[in-house]
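> I am attaching a structure below and will ask some questions about it afterwards.
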Amino acid sequence: KIMKYVKRIIAATAAATMLLSGCGTQPVQDTGDEQVTLKWMFLGPGEQQDSQKVWDKFNEELAKYLPNTKVEFECVTSSDYAEKWKLASASNEDLDIVWHGWMIPYTSEVKKGSYLELDDLIDEYAPDLKKEIPDAIMDKQRVDGKLYSIPCMQQMVSYVSSLDFPIDIYEKYKDKINIEELADFFSSKETMDKEAWDKIEEYIKMIKDGGDLKKGVYGFADHVEKGYEWISSPYKIKASGDDYTPINLYRTPEYKTFVQVYADWFNKGYIRKDILTAENVGTEDYEVKGGPNYIVGQGYMPTQSEIDSKKAAGSTAYVKIPFENKHYIPYAASASNTAISINSKHPERAMQLIGLMNTEKGKDLYNLLVFGIEGEHYTKVNDKEIQPIGYTSQPTSESPYGQYRFAMGNTFNGYEIYMQDKNPIYDNEFIKSVNDKAEDSKLRGFTLDTDPIKMELAQVTAVIGEYKKSLNSGAAADPMGLYEEFQQKLIAAGDDKIVEEIQRQIDEWRANKGNETTQSEGE
């Protein structure tokens, strides 16, 4: 039996060598002579007209990389994914590769034993992953020091809130709006103090006095988060410095200041009077607003093509002034990842495939799976950019074919969608540079176990749902009275117990981290 096994290995190695010599640079991997079919469940727009055609082509091409390997795909929509995964996990469904994302609590899923530990599998079957995915990003997926999923590389830095002016408002008042000076002012502030809010009000008043405020202002509640990093919603920690004290966002001094400021703004007519009852408030265009999605340099100026496309869609483009001039990579798990199910019968082969989808050598496979077949599902503009057929930015179930780039692997190895006069935020190299320059979270390597406080977290979440809308609108009849009532309700719901437990876990993690460092130095 031993000799038979050795002969199989020799034969497989010889076959792989022949394939390598015959295919030039084709990265064929040794898979032995066992025919394997992997089952891969991932997030996407659902099955499309040409899904099976592309997946058959993918398997045909995959044979050039992983002989004796085929994949059965299951594309599940975002509205169905959490429930589908719950059922698949409960029934021990025969799955190999699975997507994990924002709608499923990561640490809880790992603690349940849903995913395989990947460190040894990577070392043996996909070592190139370590070259392409930085440790700071890979570590986001560790629980108790062990890796259970591979982050799909994309924008990994935290978003930065911004002060947003519609382009026409900016053009009218641009002599009085110095983007660079404003950006420097806001970035000099560790958190949102009264002076920062007063600075924003100067521009709101200017536009109102000019008769241009119209709908007013909207969306500034997110600015309270400036200078804080999420631990687990709504609990945060100071993003910089040596303070490791957790706090509920709604019990911070910054939130109290915000409630006072917003009530004052409402009374001054900066906020629309029907803010609590108007429909589609968040999707309408405002003359001044706060934005949570800023990632570019000192100021985001929309391109002419962006202005034109927004106008054609009945919307408006905004000039964005950031509240930070730096970025950090949050400690929390990434929003989009690939894992190997605990029920996988072929984890080694699954790891080889995941390696291909996340590294340079598998970029042609990645592009085929994401964008489909050239000439049928996209046209090439140049070696870097394509124009999809049937959609412009994100595929739908009605598109002939197309998958979500962020759910399939390393987006930086894929094509970019062509845009005329494209802003850098849509450029892979720019996003990579932002990731590379970002600071690591001081909580890197920490994982919060919410099981001991899950009842209290549910109660606190319910209380926030009861008070948040009124307080964040500025329209409450007695804002500070309502604020004080909110604080007492949070305490009664178990807020102090949650903070105490989070603090205990952080302290324990820091102590163990210190011990590990000491042991390492001693060795």
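Ordered as shown in the structure tokens, chains take letters A, B, and onward, while each chain numbers its residues from 1 and ligands are numbered from 1 in the order shown.
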Give me the residues near A:Val381 as number ranges by chain, where near means some atom within 10 Å (using only C-alpha atoms) and where sequence neighbours in that chain fewer than 3 positions away do not count.
A: 378, 384-387, 416-418
> Write out as a list in words each polymer residue whose atoms come within 10 Å of A:Tyr391, counting only C-alpha atoms; drop sequence neighbours fewer than 3 positions from it.
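Near A:Tyr391, the qualifying residues are His377, Tyr378, Gln387, Pro388, Gln394, Pro395, Thr396, Glu398, Ser399, Pro400, Tyr401 and Gly402 of chain A.
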> Please produce a file of those selected residues containing N, CA and C atoms, as a PDB file, in the first residue's frame.

```
ATOM      1  N   HIS A 377     -19.826  39.432 -22.254  1.00  0.00           N
ATOM      2  CA  HIS A 377     -20.267  40.050 -21.008  1.00  0.00           C
ATOM      3  C   HIS A 377     -19.522  41.344 -20.693  1.00  0.00           C
ATOM      4  N   TYR A 378     -18.475  41.629 -21.437  1.00  0.00           N
ATOM      5  CA  TYR A 378     -17.769  42.902 -21.294  1.00  0.00           C
ATOM      6  C   TYR A 378     -16.901  43.131 -22.531  1.00  0.00           C
ATOM      7  N   GLN A 387     -15.665  47.676 -20.017  1.00  0.00           N
ATOM      8  CA  GLN A 387     -17.041  48.164 -19.937  1.00  0.00           C
ATOM      9  C   GLN A 387     -17.965  46.949 -19.906  1.00  0.00           C
ATOM     10  N   PRO A 388     -18.650  46.697 -18.776  1.00  0.00           N
ATOM     11  CA  PRO A 388     -19.561  45.553 -18.693  1.00  0.00           C
ATOM     12  C   PRO A 388     -20.742  45.715 -19.653  1.00  0.00           C
ATOM     13  N   GLN A 394     -22.670  47.948 -10.857  1.00  0.00           N
ATOM     14  CA  GLN A 394     -22.937  46.741 -10.060  1.00  0.00           C
ATOM     15  C   GLN A 394     -23.936  45.857 -10.801  1.00  0.00           C
ATOM     16  N   PRO A 395     -23.615  44.581 -11.034  1.00  0.00           N
ATOM     17  CA  PRO A 395     -24.537  43.702 -11.758  1.00  0.00           C
ATOM     18  C   PRO A 395     -25.800  43.406 -10.966  1.00  0.00           C
ATOM     19  N   THR A 396     -26.868  43.072 -11.680  1.00  0.00           N
ATOM     20  CA  THR A 396     -28.134  42.679 -11.060  1.00  0.00           C
ATOM     21  C   THR A 396     -28.539  41.321 -11.613  1.00  0.00           C
ATOM     22  N   GLU A 398     -30.824  40.797 -13.539  1.00  0.00           N
ATOM     23  CA  GLU A 398     -31.232  40.984 -14.930  1.00  0.00           C
ATOM     24  C   GLU A 398     -30.039  41.099 -15.876  1.00  0.00           C
ATOM     25  N   SER A 399     -28.839  41.293 -15.349  1.00  0.00           N
ATOM     26  CA  SER A 399     -27.648  41.382 -16.204  1.00  0.00           C
ATOM     27  C   SER A 399     -27.383  40.010 -16.830  1.00  0.00           C
ATOM     28  N   PRO A 400     -26.848  39.966 -18.049  1.00  0.00           N
ATOM     29  CA  PRO A 400     -26.510  38.665 -18.646  1.00  0.00           C
ATOM     30  C   PRO A 400     -25.577  37.856 -17.745  1.00  0.00           C
ATOM     31  N   TYR A 401     -24.568  38.553 -17.208  1.00  0.00           N
ATOM     32  CA  TYR A 401     -23.680  37.925 -16.227  1.00  0.00           C
ATOM     33  C   TYR A 401     -22.864  39.010 -15.535  1.00  0.00           C
ATOM     34  N   GLY A 402     -22.478  38.730 -14.305  1.00  0.00           N
ATOM     35  CA  GLY A 402     -21.618  39.625 -13.536  1.00  0.00           C
ATOM     36  C   GLY A 402     -21.755  39.328 -12.057  1.00  0.00           C
TER      37      GLY A 402
END
```
> Can you tell me which residues surround A:Ile104 at a distance of at most 10 Å, considering only C-alpha atoms, apart from same-chain residues fewer than 3 positions away, and format the answer as a PyMOL selection string?
chain A and resi 81-83+85-86+100-101+107-109+335
> For a quick check of understanding, using only C-alpha atoms, which of A:Ile389, A:Lys442, A:Lys215, A:Tyr467 has the smallest distance to A:Gly241?
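Closest candidate: A:Lys442.
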> May I have a table of the residues of stretch 397-448 of chain A lying at most 9 Å from stretch 145-156 of chain A, giving each one's closest pair of atoms and their distance in Å to one decimal, counting only C-alpha atoms, ordered by chain and ascending residue number, as CSV?

```
residue,atom,partner,partner_atom,distance
A:Arg405,CA,A:Cys152,CA,8.9
A:Phe406,CA,A:Cys152,CA,6.2
A:Ala407,CA,A:Cys152,CA,6.6
A:Met408,CA,A:Cys152,CA,7.0
A:Gly409,CA,A:Cys152,CA,4.7
A:Asn410,CA,A:Met153,CA,4.5
A:Thr411,CA,A:Gln154,CA,5.7
A:Phe412,CA,A:Gln154,CA,6.8
A:Asn428,CA,A:Gln154,CA,8.2
A:Ile431,CA,A:Gln155,CA,6.0
A:Lys432,CA,A:Gln155,CA,7.4
A:Val434,CA,A:Gln155,CA,8.1
A:Asn435,CA,A:Met156,CA,6.1
A:Gly445,CA,A:Gly145,CA,6.8
A:Phe446,CA,A:Gly145,CA,8.4
A:Thr447,CA,A:Gly145,CA,8.9
```
> Can you write just those residues out, C-alpha atoms, as a compact mmCIF listing (two decimals), in the first residue's frame?

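Saved as selection.txt:
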```
# COMPACT_ATOMS: atom_id res chain seq x y z
CA ARG A 405 -16.05 41.93 -7.20
CA PHE A 406 -15.76 42.39 -3.45
CA ALA A 407 -17.23 38.94 -2.72
CA MET A 408 -15.02 36.79 -4.95
CA GLY A 409 -11.45 37.52 -3.87
CA ASN A 410 -8.76 40.17 -4.27
CA THR A 411 -10.30 43.08 -6.19
CA PHE A 412 -6.86 44.56 -6.87
CA ASN A 428 -7.11 50.13 -7.70
CA ILE A 431 -6.95 52.47 -3.01
CA LYS A 432 -3.95 50.18 -2.47
CA VAL A 434 -4.40 54.41 0.89
CA ASN A 435 -4.42 50.96 2.51
CA GLY A 445 -5.57 41.13 17.17
CA PHE A 446 -8.36 41.70 19.70
CA THR A 447 -11.66 39.86 19.34
```
> Taking 2 positions as the minimum chain separation for residues in the same chain, which residues sit within 12 Å of A:Leu368 when counting only C-alpha atoms? Answer as a PyMOL selection string.
chain A and resi 51+53-62+357+362-366+370-378+401-403+405+408+413-415
> Can I get the selected residues back with N, CA, C and O atoms, as a tab-separated table (two decimals), in the first residue's frame?

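Saved as part.tsv:
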```
chain	number	residue	atom	x	y	z
A	51	SER	N	-25.15	32.43	-16.21
A	51	SER	CA	-24.37	31.96	-15.07
A	51	SER	C	-23.72	30.60	-15.35
A	51	SER	O	-22.50	30.44	-15.20
A	53	LYS	N	-23.17	29.04	-18.10
A	53	LYS	CA	-22.22	29.10	-19.22
A	53	LYS	C	-20.85	29.57	-18.74
A	53	LYS	O	-19.81	29.00	-19.10
A	54	VAL	N	-20.85	30.63	-17.93
A	54	VAL	CA	-19.58	31.16	-17.42
A	54	VAL	C	-18.96	30.18	-16.44
A	54	VAL	O	-17.74	29.96	-16.45
A	55	TRP	N	-19.77	29.57	-15.60
A	55	TRP	CA	-19.22	28.64	-14.62
A	55	TRP	C	-18.64	27.40	-15.29
A	55	TRP	O	-17.64	26.85	-14.83
A	56	ASP	N	-19.24	26.97	-16.38
A	56	ASP	CA	-18.66	25.85	-17.15
A	56	ASP	C	-17.32	26.26	-17.75
A	56	ASP	O	-16.36	25.48	-17.73
A	57	LYS	N	-17.25	27.49	-18.26
A	57	LYS	CA	-15.99	28.00	-18.79
A	57	LYS	C	-14.94	28.12	-17.69
A	57	LYS	O	-13.75	27.82	-17.91
A	58	PHE	N	-15.37	28.54	-16.52
A	58	PHE	CA	-14.45	28.65	-15.38
A	58	PHE	C	-13.84	27.28	-15.08
A	58	PHE	O	-12.62	27.16	-14.89
A	59	ASN	N	-14.65	26.25	-15.02
A	59	ASN	CA	-14.15	24.91	-14.72
A	59	ASN	C	-13.19	24.43	-15.80
A	59	ASN	O	-12.20	23.74	-15.51
A	60	GLU	N	-13.48	24.79	-17.04
A	60	GLU	CA	-12.59	24.43	-18.15
A	60	GLU	C	-11.22	25.07	-17.96
A	60	GLU	O	-10.18	24.43	-18.15
A	61	GLU	N	-11.22	26.36	-17.58
A	61	GLU	CA	-9.96	27.06	-17.36
A	61	GLU	C	-9.27	26.63	-16.08
A	61	GLU	O	-8.03	26.59	-16.00
A	62	LEU	N	-10.05	26.30	-15.08
A	62	LEU	CA	-9.49	25.88	-13.79
A	62	LEU	C	-8.61	24.65	-13.93
A	62	LEU	O	-7.62	24.49	-13.20
A	357	MET	N	-7.76	32.74	-6.24
A	357	MET	CA	-8.69	33.85	-6.36
A	357	MET	C	-8.22	35.11	-5.64
A	357	MET	O	-8.80	36.19	-5.79
A	362	GLY	N	-3.74	33.94	-10.14
A	362	GLY	CA	-5.08	33.51	-10.50
A	362	GLY	C	-5.96	34.64	-11.03
A	362	GLY	O	-7.18	34.48	-11.12
A	363	LYS	N	-5.35	35.76	-11.44
A	363	LYS	CA	-6.16	36.93	-11.80
A	363	LYS	C	-7.06	36.68	-13.01
A	363	LYS	O	-8.16	37.22	-13.09
A	364	ASP	N	-6.61	35.86	-13.96
A	364	ASP	CA	-7.46	35.57	-15.13
A	364	ASP	C	-8.70	34.79	-14.72
A	364	ASP	O	-9.80	35.02	-15.23
A	365	LEU	N	-8.54	33.86	-13.78
A	365	LEU	CA	-9.68	33.11	-13.25
A	365	LEU	C	-10.62	34.04	-12.50
A	365	LEU	O	-11.85	33.94	-12.63
A	366	TYR	N	-10.04	34.92	-11.70
A	366	TYR	CA	-10.86	35.88	-10.94
A	366	TYR	C	-11.69	36.74	-11.89
A	366	TYR	O	-12.90	36.91	-11.70
A	370	VAL	N	-15.77	36.90	-12.15
A	370	VAL	CA	-16.44	38.15	-11.80
A	370	VAL	C	-17.13	38.78	-13.01
A	370	VAL	O	-18.30	39.18	-12.93
A	371	PHE	N	-16.43	38.87	-14.11
A	371	PHE	CA	-16.94	39.66	-15.24
A	371	PHE	C	-17.47	38.82	-16.41
A	371	PHE	O	-18.13	39.36	-17.29
A	372	GLY	N	-17.17	37.52	-16.42
A	372	GLY	CA	-17.66	36.68	-17.50
A	372	GLY	C	-16.70	36.57	-18.66
A	372	GLY	O	-15.49	36.71	-18.51
A	373	ILE	N	-17.25	36.37	-19.86
A	373	ILE	CA	-16.47	36.09	-21.07
A	373	ILE	C	-16.34	37.37	-21.90
A	373	ILE	O	-17.33	38.04	-22.20
A	374	GLU	N	-15.11	37.67	-22.27
A	374	GLU	CA	-14.87	38.87	-23.08
A	374	GLU	C	-15.65	38.80	-24.39
A	374	GLU	O	-15.70	37.77	-25.05
A	375	GLY	N	-16.26	39.91	-24.76
A	375	GLY	CA	-17.03	39.98	-25.99
A	375	GLY	C	-18.49	39.63	-25.81
A	375	GLY	O	-19.35	40.07	-26.58
A	376	GLU	N	-18.78	38.85	-24.75
A	376	GLU	CA	-20.16	38.49	-24.46
A	376	GLU	C	-20.69	39.24	-23.24
A	376	GLU	O	-21.86	39.63	-23.19
A	377	HIS	N	-19.83	39.43	-22.25
A	377	HIS	CA	-20.27	40.05	-21.01
A	377	HIS	C	-19.52	41.34	-20.69
A	377	HIS	O	-19.91	42.06	-19.77
A	378	TYR	N	-18.48	41.63	-21.44
A	378	TYR	CA	-17.77	42.90	-21.29
A	378	TYR	C	-16.90	43.13	-22.53
A	378	TYR	O	-16.58	42.19	-23.26
A	401	TYR	N	-24.57	38.55	-17.21
A	401	TYR	CA	-23.68	37.93	-16.23
A	401	TYR	C	-22.86	39.01	-15.53
A	401	TYR	O	-22.54	40.04	-16.11
A	402	GLY	N	-22.48	38.73	-14.31
A	402	GLY	CA	-21.62	39.62	-13.54
A	402	GLY	C	-21.75	39.33	-12.06
A	402	GLY	O	-22.86	39.09	-11.57
A	403	GLN	N	-20.63	39.28	-11.35
A	403	GLN	CA	-20.64	39.03	-9.91
A	403	GLN	C	-20.09	40.24	-9.17
A	403	GLN	O	-19.47	41.13	-9.75
A	405	ARG	N	-17.50	42.06	-7.29
A	405	ARG	CA	-16.05	41.93	-7.20
A	405	ARG	C	-15.59	41.69	-5.76
A	405	ARG	O	-14.69	40.89	-5.51
A	408	MET	N	-15.63	37.93	-4.28
A	408	MET	CA	-15.02	36.79	-4.95
A	408	MET	C	-13.53	36.61	-4.66
A	408	MET	O	-12.97	35.55	-4.96
A	413	ASN	N	-6.58	42.49	-8.14
A	413	ASN	CA	-6.10	41.69	-9.26
A	413	ASN	C	-7.11	41.67	-10.41
A	413	ASN	O	-6.90	40.97	-11.40
A	414	GLY	N	-8.20	42.42	-10.27
A	414	GLY	CA	-9.24	42.41	-11.28
A	414	GLY	C	-9.25	43.66	-12.15
A	414	GLY	O	-8.53	44.63	-11.88
A	415	TYR	N	-10.08	43.62	-13.17
A	415	TYR	CA	-10.27	44.79	-14.01
A	415	TYR	C	-10.96	45.90	-13.22
A	415	TYR	O	-11.67	45.64	-12.25
```
> May I have the residues within 8 Å of A:Glu439 as a list in words, using only C-alpha atoms and disregarding those fewer than 5 positions away in the same chain?
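So, after excluding close chain neighbours, the residues are His327, Tyr328 and Ile329 of chain A.
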> Residues as selected, N, CA, C and O atoms, written as a compact mmCIF listing (two decimals), in the first residue's frame, can you do that?

```txt
# COMPACT_ATOMS: atom_id res chain seq x y z
N HIS A 327 -5.91 57.90 7.71
CA HIS A 327 -6.81 56.75 7.78
C HIS A 327 -6.21 55.69 8.70
O HIS A 327 -5.00 55.65 8.92
N TYR A 328 -7.06 54.83 9.20
CA TYR A 328 -6.58 53.67 9.95
C TYR A 328 -7.36 52.45 9.49
O TYR A 328 -8.44 52.54 8.92
N ILE A 329 -6.75 51.29 9.73
CA ILE A 329 -7.40 50.03 9.40
C ILE A 329 -8.06 49.49 10.66
O ILE A 329 -7.37 49.13 11.61
```
> If you run DSSP on the backbone here, which positions in stretch 118-346 of chain A get helix (DSSP H, G or I)? Please write them as a PyMOL selection string.
chain A and resi 119-125+129-132+135-141+167-176+179-187+194-209+221-225+249-251+253-267+281-283+304-312
> Emit the selected residues as a short mmCIF file (atom, residue, chain, number, x, y, z; two decimals), in the first residue's frame, including C-alpha atoms.

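Produced file part.cif, reproduced below:
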```cif
data_model
loop_
_atom_site.label_atom_id
_atom_site.label_comp_id
_atom_site.auth_asym_id
_atom_site.auth_seq_id
_atom_site.Cartn_x
_atom_site.Cartn_y
_atom_site.Cartn_z
CA ASP A 119 -3.00 28.93 9.17
CA ASP A 120 -1.54 25.50 8.41
CA LEU A 121 -3.55 25.16 5.20
CA ILE A 122 -2.18 28.49 3.94
CA ASP A 123 1.41 27.56 4.79
CA GLU A 124 1.14 24.32 2.82
CA TYR A 125 -1.29 25.06 -0.01
CA LEU A 129 -1.45 34.74 0.19
CA LYS A 130 0.95 36.04 2.81
CA LYS A 131 2.81 38.02 0.15
CA GLU A 132 -0.29 39.74 -1.23
CA ASP A 135 -0.53 41.06 8.12
CA ALA A 136 -2.52 44.03 9.45
CA ILE A 137 -5.41 43.09 7.16
CA MET A 138 -5.12 39.33 7.52
CA ASP A 139 -5.11 39.71 11.30
CA LYS A 140 -8.58 41.26 11.17
CA GLN A 141 -9.89 37.73 10.61
CA ILE A 167 -21.42 71.54 -6.59
CA ASP A 168 -23.66 74.49 -7.54
CA ILE A 169 -23.61 75.83 -3.97
CA TYR A 170 -19.83 75.44 -3.87
CA GLU A 171 -19.42 77.29 -7.19
CA LYS A 172 -21.48 80.22 -5.89
CA TYR A 173 -19.63 80.51 -2.57
CA LYS A 174 -16.20 79.09 -3.45
CA ASP A 175 -14.44 82.40 -2.79
CA LYS A 176 -15.47 81.96 0.86
CA ILE A 179 -11.09 73.54 1.19
CA GLU A 180 -7.50 73.11 2.35
CA GLU A 181 -7.84 75.43 5.36
CA LEU A 182 -11.11 73.78 6.41
CA ALA A 183 -9.64 70.30 6.06
CA ASP A 184 -6.62 71.31 8.17
CA PHE A 185 -8.88 72.83 10.82
CA PHE A 186 -11.08 69.75 11.16
CA SER A 187 -8.16 67.31 11.11
CA LYS A 194 -18.22 72.82 20.16
CA GLU A 195 -15.65 74.83 18.18
CA ALA A 196 -15.81 72.31 15.33
CA TRP A 197 -19.61 72.52 15.19
CA ASP A 198 -19.40 76.32 15.28
CA LYS A 199 -17.10 76.25 12.27
CA ILE A 200 -19.66 74.21 10.30
CA GLU A 201 -22.40 76.63 11.38
CA GLU A 202 -20.50 79.57 9.88
CA TYR A 203 -21.02 78.06 6.43
CA ILE A 204 -24.61 77.01 7.06
CA LYS A 205 -25.46 80.57 8.15
CA MET A 206 -23.64 82.01 5.13
CA ILE A 207 -25.68 79.88 2.72
CA LYS A 208 -28.93 80.53 4.60
CA ASP A 209 -28.32 84.31 4.60
CA ALA A 221 -24.88 62.59 13.48
CA ASP A 222 -22.05 60.38 12.16
CA HIS A 223 -19.56 63.16 12.91
CA VAL A 224 -19.85 62.31 16.61
CA GLU A 225 -17.71 59.25 15.81
CA LEU A 249 -21.19 56.35 21.72
CA TYR A 250 -24.45 57.77 23.06
CA ARG A 251 -22.91 58.40 26.48
CA PRO A 253 -19.45 64.05 25.83
CA GLU A 254 -19.37 64.46 22.05
CA TYR A 255 -22.88 63.04 21.65
CA LYS A 256 -24.27 65.36 24.33
CA THR A 257 -22.69 68.33 22.52
CA PHE A 258 -24.20 67.15 19.24
CA VAL A 259 -27.71 66.93 20.73
CA GLN A 260 -27.39 70.50 22.04
CA VAL A 261 -26.01 71.82 18.73
CA TYR A 262 -28.58 70.10 16.56
CA ALA A 263 -31.49 71.33 18.70
CA ASP A 264 -30.09 74.85 18.33
CA TRP A 265 -29.76 74.41 14.56
CA PHE A 266 -33.33 73.18 14.34
CA ASN A 267 -34.58 76.25 16.20
CA VAL A 281 -35.23 62.14 3.86
CA GLY A 282 -31.91 60.33 3.61
CA THR A 283 -32.01 60.00 -0.17
CA GLN A 304 -17.20 66.71 -14.83
CA SER A 305 -18.38 63.25 -15.85
CA GLU A 306 -19.57 62.60 -12.30
CA ILE A 307 -21.40 65.93 -12.26
CA ASP A 308 -23.04 65.12 -15.62
CA SER A 309 -24.03 61.57 -14.67
CA LYS A 310 -25.50 62.70 -11.35
CA LYS A 311 -27.46 65.44 -13.08
CA ALA A 312 -28.77 62.96 -15.67
#
```
> Applying 10 Å and only C-alpha atoms, which residues near stretch 227-233 of chain A remain after dropping the ones on its own chain fewer than 2 positions away? List them as number ranges by chain.
A: 158, 187, 189-192, 223-225, 235-240, 246-249, 323-324, 328-332, 441-443, 446-450, 457, 461, 502
> Can I get the selection written as a PDB file, in the first residue's frame, with C-alpha atoms?

```pdb
ATOM      1  CA  SER A 158     -12.117  53.365   7.750  1.00  0.00           C
ATOM      2  CA  SER A 187      -8.160  67.312  11.114  1.00  0.00           C
ATOM      3  CA  LYS A 189      -9.493  68.312  16.177  1.00  0.00           C
ATOM      4  CA  GLU A 190      -9.193  65.002  18.026  1.00  0.00           C
ATOM      5  CA  THR A 191     -12.974  64.779  18.420  1.00  0.00           C
ATOM      6  CA  MET A 192     -15.999  66.929  17.547  1.00  0.00           C
ATOM      7  CA  HIS A 223     -19.565  63.158  12.909  1.00  0.00           C
ATOM      8  CA  VAL A 224     -19.853  62.305  16.606  1.00  0.00           C
ATOM      9  CA  GLU A 225     -17.706  59.248  15.813  1.00  0.00           C
ATOM     10  CA  TYR A 235     -19.389  50.775  21.850  1.00  0.00           C
ATOM     11  CA  LYS A 236     -16.245  52.639  20.917  1.00  0.00           C
ATOM     12  CA  ILE A 237     -12.721  53.406  22.024  1.00  0.00           C
ATOM     13  CA  LYS A 238     -10.457  56.396  21.302  1.00  0.00           C
ATOM     14  CA  ALA A 239      -8.764  55.595  17.983  1.00  0.00           C
ATOM     15  CA  SER A 240      -5.406  57.105  19.006  1.00  0.00           C
ATOM     16  CA  PRO A 246     -14.655  51.548  26.078  1.00  0.00           C
ATOM     17  CA  ILE A 247     -17.726  53.770  26.054  1.00  0.00           C
ATOM     18  CA  ASN A 248     -21.189  53.779  24.541  1.00  0.00           C
ATOM     19  CA  LEU A 249     -21.190  56.346  21.717  1.00  0.00           C
ATOM     20  CA  PHE A 323     -12.674  65.730   8.868  1.00  0.00           C
ATOM     21  CA  GLU A 324      -9.420  63.727   8.963  1.00  0.00           C
ATOM     22  CA  TYR A 328      -6.578  53.674   9.945  1.00  0.00           C
ATOM     23  CA  ILE A 329      -7.402  50.025   9.399  1.00  0.00           C
ATOM     24  CA  PRO A 330     -10.066  49.057  11.949  1.00  0.00           C
ATOM     25  CA  TYR A 331      -9.451  45.971  14.053  1.00  0.00           C
ATOM     26  CA  ALA A 332     -12.937  44.577  13.402  1.00  0.00           C
ATOM     27  CA  SER A 441      -5.724  49.860  14.896  1.00  0.00           C
ATOM     28  CA  LYS A 442      -4.372  49.711  18.420  1.00  0.00           C
ATOM     29  CA  LEU A 443      -6.840  46.859  18.951  1.00  0.00           C
ATOM     30  CA  PHE A 446      -8.359  41.700  19.697  1.00  0.00           C
ATOM     31  CA  THR A 447     -11.664  39.856  19.337  1.00  0.00           C
ATOM     32  CA  LEU A 448     -14.728  40.639  21.416  1.00  0.00           C
ATOM     33  CA  ASP A 449     -16.859  37.764  22.648  1.00  0.00           C
ATOM     34  CA  THR A 450     -20.391  39.188  22.933  1.00  0.00           C
ATOM     35  CA  LEU A 457     -26.693  44.343  24.064  1.00  0.00           C
ATOM     36  CA  THR A 461     -30.065  48.341  21.044  1.00  0.00           C
ATOM     37  CA  ILE A 502     -15.656  44.819  27.231  1.00  0.00           C
TER      38      ILE A 502
END
```
> Counting only C-alpha atoms, which residue out of A:Glu501, A:Val157, A:Tyr483, A:Ala476 sits closest to A:Ser433?
A:Val157
> Taking 4 positions as the minimum chain separation for residues in the same chain, which residues sit within 8 Å of stretch 65-77 of chain A when counting only C-alpha atoms? Answer as number ranges by chain.
A: 26-47, 55, 59, 61, 81, 84, 349, 352-353
> Among stretch 125-310 of chain A, which residues does DSSP mark as strand (DSSP E or B) when it is run on the backbone? Keep the chain and numbering as in the structure and answer as a VMD selection string.
chain A and resid 142 to 143 146 to 147 150 to 151 160 to 166 216 to 218 228 to 232 235 to 238 247 to 248 271 288 to 294 300
> For A:Pro424, which residue out of A:Asn92, A:Asn280, A:Thr303, A:Asn367 is the nearest one, using only C-alpha atoms?
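Nearest to A:Pro424: A:Thr303.
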> Can you measure atom CA of A:Ala475 to atom CA of A:Lys226 for me? One decimal in Å is fine.
23.1 Å
> Please determine, counting only C-alpha atoms, which residue among A:Ala511, A:Ile498, A:Ala88, A:Leu369 has the shortest atom-to-atom distance to A:Gln52.
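Under the stated criterion, the closest residue is A:Leu369.
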> Between atom CA of A:Ser344 and atom CA of A:Ile97, measure the distance and give it in Å to one decimal.
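Between atom CA of A:Ser344 and atom CA of A:Ile97 the gap is 7.7 Å.
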